Amino acid sequence: MLHLEDMPADAELVAWELKKGNLLPEIQVVSDKAAFVNALTDFQYDVILSDHSLASFDSLEAIRLVKKAGITVPFILVTASMSDVFAAKVMREGACDYILKDRLHRLPSAVINSIEKHRLNENQRAAHERLAFHLENTPLGFIEWDNQLRVKVLSKQAEKIFGWTLEEYSQDERNGYSQVFEEDMPIATKAAEDLVNGVVQRNTTQHRNITKDGRVIWCEWFNSALKDPEGKVISIMSLVQDITVNKTFGEKLEYNESRLKEAQAIAHIGNFEVDLSNDSEAWSDEMYKILGINREGAMPSVDLFLSFIHPDDLIHIKKGFEGYSKSFKNSRLAFRFIRKDGAMRYGCTDARFEFSSNRKPVRLFGIFQDVTKVKLAEIERTKMVNDMMIRNSELEQFGYIISHNLRAPVANIIGASSVLSDPDLSTEDKEILNKGINTSVIKLDNVVKDLNQILQVKSNINQPKEMVHFSKLIDDIKISIQYLMDKHHVEIKCDFSEVDEFVTLKPYLYSIFYNLISNSIKYRRHQTHSTIEIKSRLKKNKMKLIFTDNGMGINLEKSGGDIFGLYKRFHHHIEGKGMGLFMVKTQVETLGGKISVQSIENKGTVFTIEFEL
């Protein structure tokens, strides 16, 4: 890590915060422009930190020097203050994040996130380069059209096939029909319209085209429609090959099969075909390759294919097969499958029927595609969005504390202190003001303690985990609250028959159980025998912990959005701070779980905690 900072105390504070966040980087600190330039050439860093204002230059110039050196690692600004306008400017210049020095607790997570994002971008860039290499070296030309069939992307092989460059397509306003041989125009027009109008997802055509130098060539086109999230077609992707020689010499079949295999290998798409007259089935080589099996000794069949489907998706896929086998409608199915080597992958199938002249289905054909990379990228994006939403929510909570719970006692202290300077103030008034200041200081201290408690939850997540037995945990809690249970005649019933142990952070789980139980006791209904039921349930790879009481309950219609909020209370006649459920939710989510609530006023409340096993 390279740290550009001219204040040694601030540099030490940053190093301490990183260590506190369980990061132990090798840090080189430089304080001026010359040392920074030398450092950029001396070593390869994983991340660069920089203050904004230094004696000889600033962070914007530092970013430009990094770019000039051809360095692409994350650049994080660590500064005392920053306006929204400047923050936007520095992010446009190339910074990946910025941290205010009074919020250095964000720095460890910002460093980790920026490095992971950088690595993901580098992997994506390498993947794009590999794809571009394959497109430029495959014997198939590649063309991407917009939904008006204007050329957006043209590979060198496509230029070689037709003779026109991308610039010539743009300048001459040529489109997908400009090079089609006139007699074959109906074939090309229907294929394009079916894709643009969403009638089909992909199709294959053969027709004649005219090259720039006037030659007539036969081409085979493999076209796919790309849609936006709303289902609107935004572009058409085409793989094209010149099959003139094969058409002339009768070698089309062999040539097509060879090129199709190459195209399937590039796109990880296999195809299958079922002759419905005799139930014979055929798979392409790529089908076997995707499943990780050899063609020899593996007769293609529906049963063989189903044997690779993930157990949790098997019922869904069987129903899908049965559905389109009865309706004879086109079908697309998405699922997980397990290769022969045990690797879990994501896949999808597109199936179509061919009918005889009397509309009887005679053939089923389709594709099987490995979409793992796309699916994992989608999952990662979703995770990143969810993480950002959680962080934004936490920032809002802290903003609430600063603007309300810290501001009020500080304002009281300032106001009372200014009044105390009045020489005419009586001794009695001074005592009242001093008591007020003392009360405000205590409130301020309580808020700071609450903040420390919340931050401690986040910082302790890397502590060693251990096997925790729920029944033993309940016994320990009962001992600590025995007096309350006896005093209020509370009965706790437990059922951990399905699962009684969990590897986790024991202090967190103890705190979760303790807060939920103590809340049930605190908000019990008087004149009612108080019962708390706690049970565990196991379903597939999920474990649920269910806490049920017959207490006062909460009006979820009115307060459901605030139930886990910081300092949110719903029964103001009972003493409390509104920290318990906030801490429960924070600890559950820190352990990787989620919590939900159901409640009816004057009947009781059910909290459900779910963990992936």
# chains A, B, ... in the order shown; residues from 1 in each chain; ligands from 1
>>> residues_around(residues="Met485 of chain A", least_positions_apart="4", cutoff="12 Å", atoms="only C-alpha atoms", output="PDB file with all heavy atoms, in the first residue's frame")
ATOM      1  N   ILE A 477     -28.932 -18.783  29.850  1.00  0.00           N
ATOM      2  CA  ILE A 477     -29.742 -17.562  29.920  1.00  0.00           C
ATOM      3  C   ILE A 477     -30.765 -17.665  31.053  1.00  0.00           C
ATOM      4  O   ILE A 477     -31.001 -16.697  31.791  1.00  0.00           O
ATOM      5  CB  ILE A 477     -30.435 -17.301  28.569  1.00  0.00           C
ATOM      6  CG1 ILE A 477     -29.393 -16.951  27.503  1.00  0.00           C
ATOM      7  CG2 ILE A 477     -31.465 -16.180  28.682  1.00  0.00           C
ATOM      8  CD1 ILE A 477     -29.959 -16.840  26.098  1.00  0.00           C
ATOM      9  N   LYS A 478     -31.365 -18.841  31.220  1.00  0.00           N
ATOM     10  CA  LYS A 478     -32.340 -19.033  32.309  1.00  0.00           C
ATOM     11  C   LYS A 478     -31.707 -18.753  33.670  1.00  0.00           C
ATOM     12  O   LYS A 478     -32.323 -18.135  34.543  1.00  0.00           O
ATOM     13  CB  LYS A 478     -32.892 -20.453  32.274  1.00  0.00           C
ATOM     14  CG  LYS A 478     -33.949 -20.699  31.212  1.00  0.00           C
ATOM     15  CD  LYS A 478     -34.446 -22.145  31.301  1.00  0.00           C
ATOM     16  CE  LYS A 478     -35.565 -22.400  30.313  1.00  0.00           C
ATOM     17  NZ  LYS A 478     -36.022 -23.813  30.370  1.00  0.00           N
ATOM     18  N   ILE A 479     -30.454 -19.197  33.847  1.00  0.00           N
ATOM     19  CA  ILE A 479     -29.767 -18.961  35.122  1.00  0.00           C
ATOM     20  C   ILE A 479     -29.615 -17.461  35.365  1.00  0.00           C
ATOM     21  O   ILE A 479     -29.810 -16.970  36.481  1.00  0.00           O
ATOM     22  CB  ILE A 479     -28.388 -19.657  35.111  1.00  0.00           C
ATOM     23  CG1 ILE A 479     -28.576 -21.178  35.112  1.00  0.00           C
ATOM     24  CG2 ILE A 479     -27.554 -19.223  36.310  1.00  0.00           C
ATOM     25  CD1 ILE A 479     -27.292 -21.948  34.917  1.00  0.00           C
ATOM     26  N   SER A 480     -29.258 -16.708  34.295  1.00  0.00           N
ATOM     27  CA  SER A 480     -29.008 -15.267  34.460  1.00  0.00           C
ATOM     28  C   SER A 480     -30.293 -14.471  34.680  1.00  0.00           C
ATOM     29  O   SER A 480     -30.241 -13.363  35.215  1.00  0.00           O
ATOM     30  CB  SER A 480     -28.252 -14.725  33.256  1.00  0.00           C
ATOM     31  OG  SER A 480     -29.070 -14.778  32.105  1.00  0.00           O
ATOM     32  N   ILE A 481     -31.461 -15.008  34.246  1.00  0.00           N
ATOM     33  CA  ILE A 481     -32.723 -14.247  34.387  1.00  0.00           C
ATOM     34  C   ILE A 481     -33.723 -14.991  35.267  1.00  0.00           C
ATOM     35  O   ILE A 481     -34.919 -14.726  35.198  1.00  0.00           O
ATOM     36  CB  ILE A 481     -33.353 -13.964  33.013  1.00  0.00           C
ATOM     37  CG1 ILE A 481     -33.699 -15.275  32.281  1.00  0.00           C
ATOM     38  CG2 ILE A 481     -32.439 -13.119  32.157  1.00  0.00           C
ATOM     39  CD1 ILE A 481     -34.541 -15.058  31.037  1.00  0.00           C
ATOM     40  N   HIS A 489     -43.580 -15.050  36.642  1.00  0.00           N
ATOM     41  CA  HIS A 489     -44.201 -16.340  36.311  1.00  0.00           C
ATOM     42  C   HIS A 489     -44.115 -16.629  34.809  1.00  0.00           C
ATOM     43  O   HIS A 489     -45.131 -16.883  34.141  1.00  0.00           O
ATOM     44  CB  HIS A 489     -45.666 -16.377  36.770  1.00  0.00           C
ATOM     45  CG  HIS A 489     -45.842 -16.002  38.211  1.00  0.00           C
ATOM     46  ND1 HIS A 489     -45.412 -16.811  39.247  1.00  0.00           N
ATOM     47  CD2 HIS A 489     -46.366 -14.882  38.784  1.00  0.00           C
ATOM     48  CE1 HIS A 489     -45.684 -16.222  40.412  1.00  0.00           C
ATOM     49  NE2 HIS A 489     -46.255 -15.042  40.166  1.00  0.00           N
ATOM     50  N   VAL A 490     -42.912 -16.554  34.283  1.00  0.00           N
ATOM     51  CA  VAL A 490     -42.681 -16.760  32.847  1.00  0.00           C
ATOM     52  C   VAL A 490     -42.240 -18.200  32.606  1.00  0.00           C
ATOM     53  O   VAL A 490     -41.382 -18.733  33.309  1.00  0.00           O
ATOM     54  CB  VAL A 490     -41.599 -15.787  32.312  1.00  0.00           C
ATOM     55  CG1 VAL A 490     -41.298 -16.081  30.845  1.00  0.00           C
ATOM     56  CG2 VAL A 490     -42.066 -14.349  32.486  1.00  0.00           C
ATOM     57  N   GLU A 491     -42.831 -18.830  31.597  1.00  0.00           N
ATOM     58  CA  GLU A 491     -42.471 -20.205  31.226  1.00  0.00           C
ATOM     59  C   GLU A 491     -41.805 -20.201  29.850  1.00  0.00           C
ATOM     60  O   GLU A 491     -42.309 -19.598  28.908  1.00  0.00           O
ATOM     61  CB  GLU A 491     -43.728 -21.077  31.185  1.00  0.00           C
ATOM     62  CG  GLU A 491     -43.423 -22.533  30.809  1.00  0.00           C
ATOM     63  CD  GLU A 491     -44.690 -23.361  30.704  1.00  0.00           C
ATOM     64  OE1 GLU A 491     -45.784 -22.771  30.729  1.00  0.00           O
ATOM     65  OE2 GLU A 491     -44.562 -24.592  30.565  1.00  0.00           O
ATOM     66  N   ILE A 492     -40.637 -20.855  29.757  1.00  0.00           N
ATOM     67  CA  ILE A 492     -39.921 -20.959  28.478  1.00  0.00           C
ATOM     68  C   ILE A 492     -39.961 -22.410  28.016  1.00  0.00           C
ATOM     69  O   ILE A 492     -39.514 -23.312  28.723  1.00  0.00           O
ATOM     70  CB  ILE A 492     -38.456 -20.483  28.610  1.00  0.00           C
ATOM     71  CG1 ILE A 492     -38.413 -19.004  28.997  1.00  0.00           C
ATOM     72  CG2 ILE A 492     -37.709 -20.694  27.293  1.00  0.00           C
ATOM     73  CD1 ILE A 492     -37.008 -18.460  29.181  1.00  0.00           C
ATOM     74  N   ILE A 517     -35.555 -12.973  24.351  1.00  0.00           N
ATOM     75  CA  ILE A 517     -36.232 -13.510  25.548  1.00  0.00           C
ATOM     76  C   ILE A 517     -36.561 -12.383  26.521  1.00  0.00           C
ATOM     77  O   ILE A 517     -37.682 -12.285  27.037  1.00  0.00           O
ATOM     78  CB  ILE A 517     -35.366 -14.584  26.210  1.00  0.00           C
ATOM     79  CG1 ILE A 517     -35.275 -15.832  25.308  1.00  0.00           C
ATOM     80  CG2 ILE A 517     -35.937 -14.967  27.576  1.00  0.00           C
ATOM     81  CD1 ILE A 517     -34.286 -16.865  25.791  1.00  0.00           C
ATOM     82  N   SER A 518     -35.575 -11.514  26.811  1.00  0.00           N
ATOM     83  CA  SER A 518     -35.809 -10.424  27.768  1.00  0.00           C
ATOM     84  C   SER A 518     -36.869  -9.457  27.251  1.00  0.00           C
ATOM     85  O   SER A 518     -37.664  -8.914  28.031  1.00  0.00           O
ATOM     86  CB  SER A 518     -34.504  -9.689  28.058  1.00  0.00           C
ATOM     87  OG  SER A 518     -33.963  -9.127  26.878  1.00  0.00           O
ATOM     88  N   SER A 520     -39.445 -10.332  25.394  1.00  0.00           N
ATOM     89  CA  SER A 520     -40.725 -11.003  25.612  1.00  0.00           C
ATOM     90  C   SER A 520     -41.186 -10.871  27.060  1.00  0.00           C
ATOM     91  O   SER A 520     -42.381 -10.726  27.343  1.00  0.00           O
ATOM     92  CB  SER A 520     -40.595 -12.491  25.229  1.00  0.00           C
ATOM     93  OG  SER A 520     -40.386 -12.627  23.849  1.00  0.00           O
ATOM     94  N   ILE A 521     -40.231 -10.911  27.989  1.00  0.00           N
ATOM     95  CA  ILE A 521     -40.585 -10.763  29.413  1.00  0.00           C
ATOM     96  C   ILE A 521     -40.984  -9.317  29.698  1.00  0.00           C
ATOM     97  O   ILE A 521     -41.984  -9.040  30.369  1.00  0.00           O
ATOM     98  CB  ILE A 521     -39.397 -11.181  30.300  1.00  0.00           C
ATOM     99  CG1 ILE A 521     -39.114 -12.683  30.121  1.00  0.00           C
ATOM    100  CG2 ILE A 521     -39.683 -10.863  31.761  1.00  0.00           C
ATOM    101  CD1 ILE A 521     -37.887 -13.176  30.859  1.00  0.00           C
ATOM    102  N   LYS A 522     -40.199  -8.363  29.156  1.00  0.00           N
ATOM    103  CA  LYS A 522     -40.447  -6.945  29.420  1.00  0.00           C
ATOM    104  C   LYS A 522     -41.815  -6.517  28.889  1.00  0.00           C
ATOM    105  O   LYS A 522     -42.544  -5.757  29.527  1.00  0.00           O
ATOM    106  CB  LYS A 522     -39.348  -6.102  28.784  1.00  0.00           C
ATOM    107  CG  LYS A 522     -39.489  -4.606  29.077  1.00  0.00           C
ATOM    108  CD  LYS A 522     -38.460  -3.790  28.298  1.00  0.00           C
ATOM    109  CE  LYS A 522     -37.059  -4.071  28.761  1.00  0.00           C
ATOM    110  NZ  LYS A 522     -36.080  -3.156  28.100  1.00  0.00           N
ATOM    111  N   ARG A 524     -44.530  -8.375  28.306  1.00  0.00           N
ATOM    112  CA  ARG A 524     -45.557  -9.390  28.556  1.00  0.00           C
ATOM    113  C   ARG A 524     -46.896  -8.713  28.831  1.00  0.00           C
ATOM    114  O   ARG A 524     -46.955  -7.500  29.101  1.00  0.00           O
ATOM    115  CB  ARG A 524     -45.160 -10.244  29.751  1.00  0.00           C
ATOM    116  CG  ARG A 524     -45.226  -9.479  31.047  1.00  0.00           C
ATOM    117  CD  ARG A 524     -44.517 -10.172  32.200  1.00  0.00           C
ATOM    118  NE  ARG A 524     -44.633  -9.371  33.424  1.00  0.00           N
ATOM    119  CZ  ARG A 524     -43.880  -8.320  33.674  1.00  0.00           C
ATOM    120  NH1 ARG A 524     -42.960  -7.932  32.818  1.00  0.00           N
ATOM    121  NH2 ARG A 524     -44.049  -7.646  34.809  1.00  0.00           N
ATOM    122  N   HIS A 529     -50.758 -15.640  31.781  1.00  0.00           N
ATOM    123  CA  HIS A 529     -49.613 -16.520  31.995  1.00  0.00           C
ATOM    124  C   HIS A 529     -48.645 -16.391  30.813  1.00  0.00           C
ATOM    125  O   HIS A 529     -48.993 -16.714  29.680  1.00  0.00           O
ATOM    126  CB  HIS A 529     -50.080 -17.971  32.130  1.00  0.00           C
ATOM    127  CG  HIS A 529     -48.935 -18.945  32.286  1.00  0.00           C
ATOM    128  ND1 HIS A 529     -48.159 -19.012  33.415  1.00  0.00           N
ATOM    129  CD2 HIS A 529     -48.447 -19.874  31.425  1.00  0.00           C
ATOM    130  CE1 HIS A 529     -47.235 -19.941  33.259  1.00  0.00           C
ATOM    131  NE2 HIS A 529     -47.385 -20.476  32.050  1.00  0.00           N
ATOM    132  N   SER A 530     -47.461 -15.845  31.060  1.00  0.00           N
ATOM    133  CA  SER A 530     -46.508 -15.547  29.977  1.00  0.00           C
ATOM    134  C   SER A 530     -45.765 -16.810  29.547  1.00  0.00           C
ATOM    135  O   SER A 530     -45.140 -17.493  30.367  1.00  0.00           O
ATOM    136  CB  SER A 530     -45.504 -14.492  30.443  1.00  0.00           C
ATOM    137  OG  SER A 530     -46.158 -13.284  30.727  1.00  0.00           O
ATOM    138  N   THR A 531     -45.852 -17.100  28.257  1.00  0.00           N
ATOM    139  CA  THR A 531     -45.182 -18.274  27.688  1.00  0.00           C
ATOM    140  C   THR A 531     -44.304 -17.852  26.518  1.00  0.00           C
ATOM    141  O   THR A 531     -44.735 -17.083  25.655  1.00  0.00           O
ATOM    142  CB  THR A 531     -46.211 -19.306  27.189  1.00  0.00           C
ATOM    143  OG1 THR A 531     -47.067 -19.659  28.274  1.00  0.00           O
ATOM    144  CG2 THR A 531     -45.511 -20.556  26.670  1.00  0.00           C
ATOM    145  N   ILE A 532     -43.075 -18.352  26.533  1.00  0.00           N
ATOM    146  CA  ILE A 532     -42.146 -18.101  25.427  1.00  0.00           C
ATOM    147  C   ILE A 532     -41.764 -19.457  24.832  1.00  0.00           C
ATOM    148  O   ILE A 532     -41.287 -20.344  25.553  1.00  0.00           O
ATOM    149  CB  ILE A 532     -40.875 -17.368  25.903  1.00  0.00           C
ATOM    150  CG1 ILE A 532     -41.237 -16.041  26.574  1.00  0.00           C
ATOM    151  CG2 ILE A 532     -39.915 -17.128  24.738  1.00  0.00           C
ATOM    152  CD1 ILE A 532     -40.070 -15.370  27.272  1.00  0.00           C
TER     153      ILE A 532
END
>>> select_by_dssp(residues="segment 190-243 of chain A", states="alpha helix (DSSP H)", output="tab-separated table (two decimals) with N, CA and C atoms, in the first residue's frame")
chain	number	residue	atom	x	y	z
A	190	LYS	N	-37.55	-12.06	-43.21
A	190	LYS	CA	-38.33	-12.78	-42.19
A	190	LYS	C	-37.46	-13.11	-40.97
A	191	ALA	N	-36.23	-13.56	-41.23
A	191	ALA	CA	-35.34	-13.91	-40.12
A	191	ALA	C	-35.08	-12.70	-39.23
A	192	ALA	N	-34.82	-11.55	-39.86
A	192	ALA	CA	-34.54	-10.33	-39.09
A	192	ALA	C	-35.77	-9.86	-38.33
A	193	GLU	N	-36.93	-9.85	-39.00
A	193	GLU	CA	-38.16	-9.37	-38.35
A	193	GLU	C	-38.57	-10.26	-37.18
A	194	ASP	N	-38.39	-11.58	-37.35
A	194	ASP	CA	-38.72	-12.50	-36.24
A	194	ASP	C	-37.88	-12.20	-35.01
A	195	LEU	N	-36.61	-11.85	-35.21
A	195	LEU	CA	-35.73	-11.53	-34.09
A	195	LEU	C	-36.08	-10.18	-33.48
A	196	VAL	N	-36.22	-9.15	-34.31
A	196	VAL	CA	-36.48	-7.80	-33.81
A	196	VAL	C	-37.83	-7.72	-33.11
>>> residues_around(residues="Pro108 of chain A", least_positions_apart="5", cutoff="7 Å", atoms="only C-alpha atoms", output="list in words")
Leu18, Gly21 and Leu23 of chain A
>>> atom_distance(atom1="atom CA of Arg125 of chain A", atom2="atom CA of Thr372 of chain A")
17.7 Å
>>> residues_around(residues="Phe272 of chain A", least_positions_apart="5", cutoff="6 Å", atoms="only C-alpha atoms", output="list in words")
Ala282, Trp283, Phe365 and Gly366 of chain A
>>> closest_residue(among="A:His105, A:Lys67, A:Arg352, A:Arg208", to="Glu273 of chain A", atoms="only C-alpha atoms")
A:Arg352
>>> residues_around(residues="Leu140 of chain A", least_positions_apart="6", cutoff="6 Å", atoms="only C-alpha atoms", output="VMD selection string")
chain A and resid 239 to 241
>>> write_last_selection(atoms="C-alpha atoms", output="compact mmCIF listing (two decimals), in the first residue's frame")
# COMPACT_ATOMS: atom_id res chain seq x y z
CA LEU A 239 -22.09 -15.22 -36.52
CA VAL A 240 -21.68 -15.56 -40.28
CA GLN A 241 -19.66 -17.84 -42.48
>>> residues_around(residues="segment 377-388 of chain A", least_positions_apart="4", cutoff="12 Å", atoms="only C-alpha atoms", output="list of chain:residue names")
A:Ser109, A:Ala110, A:Asn113, A:Ser114, A:Glu116, A:Lys117, A:Leu120, A:Asn121, A:Asn123, A:Gln124, A:Tyr346, A:Val371, A:Thr372, A:Lys373, A:Asn392, A:Ser393, A:Glu394, A:Leu395, A:Glu589, A:Thr590, A:Gly592
>>> write_last_selection(atoms="N, CA and C atoms", output="short mmCIF file (atom, residue, chain, number, x, y, z; two decimals), in the first residue's frame")
data_model
loop_
_atom_site.label_atom_id
_atom_site.label_comp_id
_atom_site.auth_asym_id
_atom_site.auth_seq_id
_atom_site.Cartn_x
_atom_site.Cartn_y
_atom_site.Cartn_z
N SER A 109 -13.04 -1.66 5.18
CA SER A 109 -13.99 -2.24 4.22
C SER A 109 -13.85 -1.59 2.85
N ALA A 110 -13.56 -0.28 2.83
CA ALA A 110 -13.37 0.40 1.54
C ALA A 110 -12.16 -0.15 0.79
N ASN A 113 -13.13 -3.72 -0.45
CA ASN A 113 -14.08 -3.64 -1.56
C ASN A 113 -13.43 -3.12 -2.84
N SER A 114 -12.55 -2.10 -2.69
CA SER A 114 -11.92 -1.53 -3.89
C SER A 114 -10.98 -2.53 -4.55
N GLU A 116 -11.21 -5.87 -4.34
CA GLU A 116 -12.02 -6.93 -4.95
C GLU A 116 -12.67 -6.44 -6.25
N LYS A 117 -13.15 -5.19 -6.24
CA LYS A 117 -13.76 -4.64 -7.44
C LYS A 117 -12.72 -4.50 -8.55
N LEU A 120 -12.09 -7.87 -9.98
CA LEU A 120 -13.21 -8.28 -10.84
C LEU A 120 -13.13 -7.56 -12.18
N ASN A 121 -12.82 -6.24 -12.15
CA ASN A 121 -12.70 -5.50 -13.41
C ASN A 121 -11.57 -6.03 -14.27
N ASN A 123 -10.42 -9.08 -14.24
CA ASN A 123 -10.86 -10.39 -14.79
C ASN A 123 -11.82 -10.18 -15.96
N GLN A 124 -12.74 -9.20 -15.81
CA GLN A 124 -13.68 -8.94 -16.89
C GLN A 124 -12.95 -8.41 -18.13
N TYR A 346 -24.72 -23.36 -13.75
CA TYR A 346 -26.04 -22.84 -14.12
C TYR A 346 -26.26 -23.06 -15.61
N VAL A 371 -24.63 -21.11 -18.63
CA VAL A 371 -24.68 -19.66 -18.40
C VAL A 371 -24.11 -19.30 -17.03
N THR A 372 -23.18 -20.13 -16.54
CA THR A 372 -22.64 -19.94 -15.20
C THR A 372 -21.99 -18.57 -15.03
N LYS A 373 -21.15 -18.17 -15.98
CA LYS A 373 -20.45 -16.89 -15.84
C LYS A 373 -21.45 -15.73 -15.74
N ASN A 392 -25.87 1.95 3.21
CA ASN A 392 -26.61 3.21 3.20
C ASN A 392 -27.56 3.30 4.38
N SER A 393 -28.20 2.17 4.69
CA SER A 393 -29.10 2.14 5.84
C SER A 393 -28.35 2.41 7.13
N GLU A 394 -27.15 1.80 7.26
CA GLU A 394 -26.34 2.03 8.46
C GLU A 394 -25.90 3.49 8.55
N LEU A 395 -25.55 4.08 7.41
CA LEU A 395 -25.16 5.49 7.42
C LEU A 395 -26.32 6.37 7.85
N GLU A 589 -27.57 -10.26 10.93
CA GLU A 589 -27.06 -10.00 9.58
C GLU A 589 -25.54 -10.11 9.53
N THR A 590 -24.87 -9.73 10.61
CA THR A 590 -23.41 -9.87 10.66
C THR A 590 -23.01 -11.34 10.60
N GLY A 592 -24.58 -13.46 8.89
CA GLY A 592 -24.98 -13.97 7.58
C GLY A 592 -26.43 -14.43 7.51
#
>>> select_by_dssp(residues="segment 31-217 of chain A", states="strand (DSSP E or B)", output="ChimeraX atom specification")
/A:48-50,53,58,75-79,97-100,141-146,150-154,175,180,202-210,216-217
>>> residues_around(residues="segment 86-96 of chain A", least_positions_apart="4", cutoff="10 Å", atoms="only C-alpha atoms", output="PyMOL selection string")
chain A and resi 48-50+52+59-61+63-64+66-67+72-77+81-82+110-111+113-115+117-118
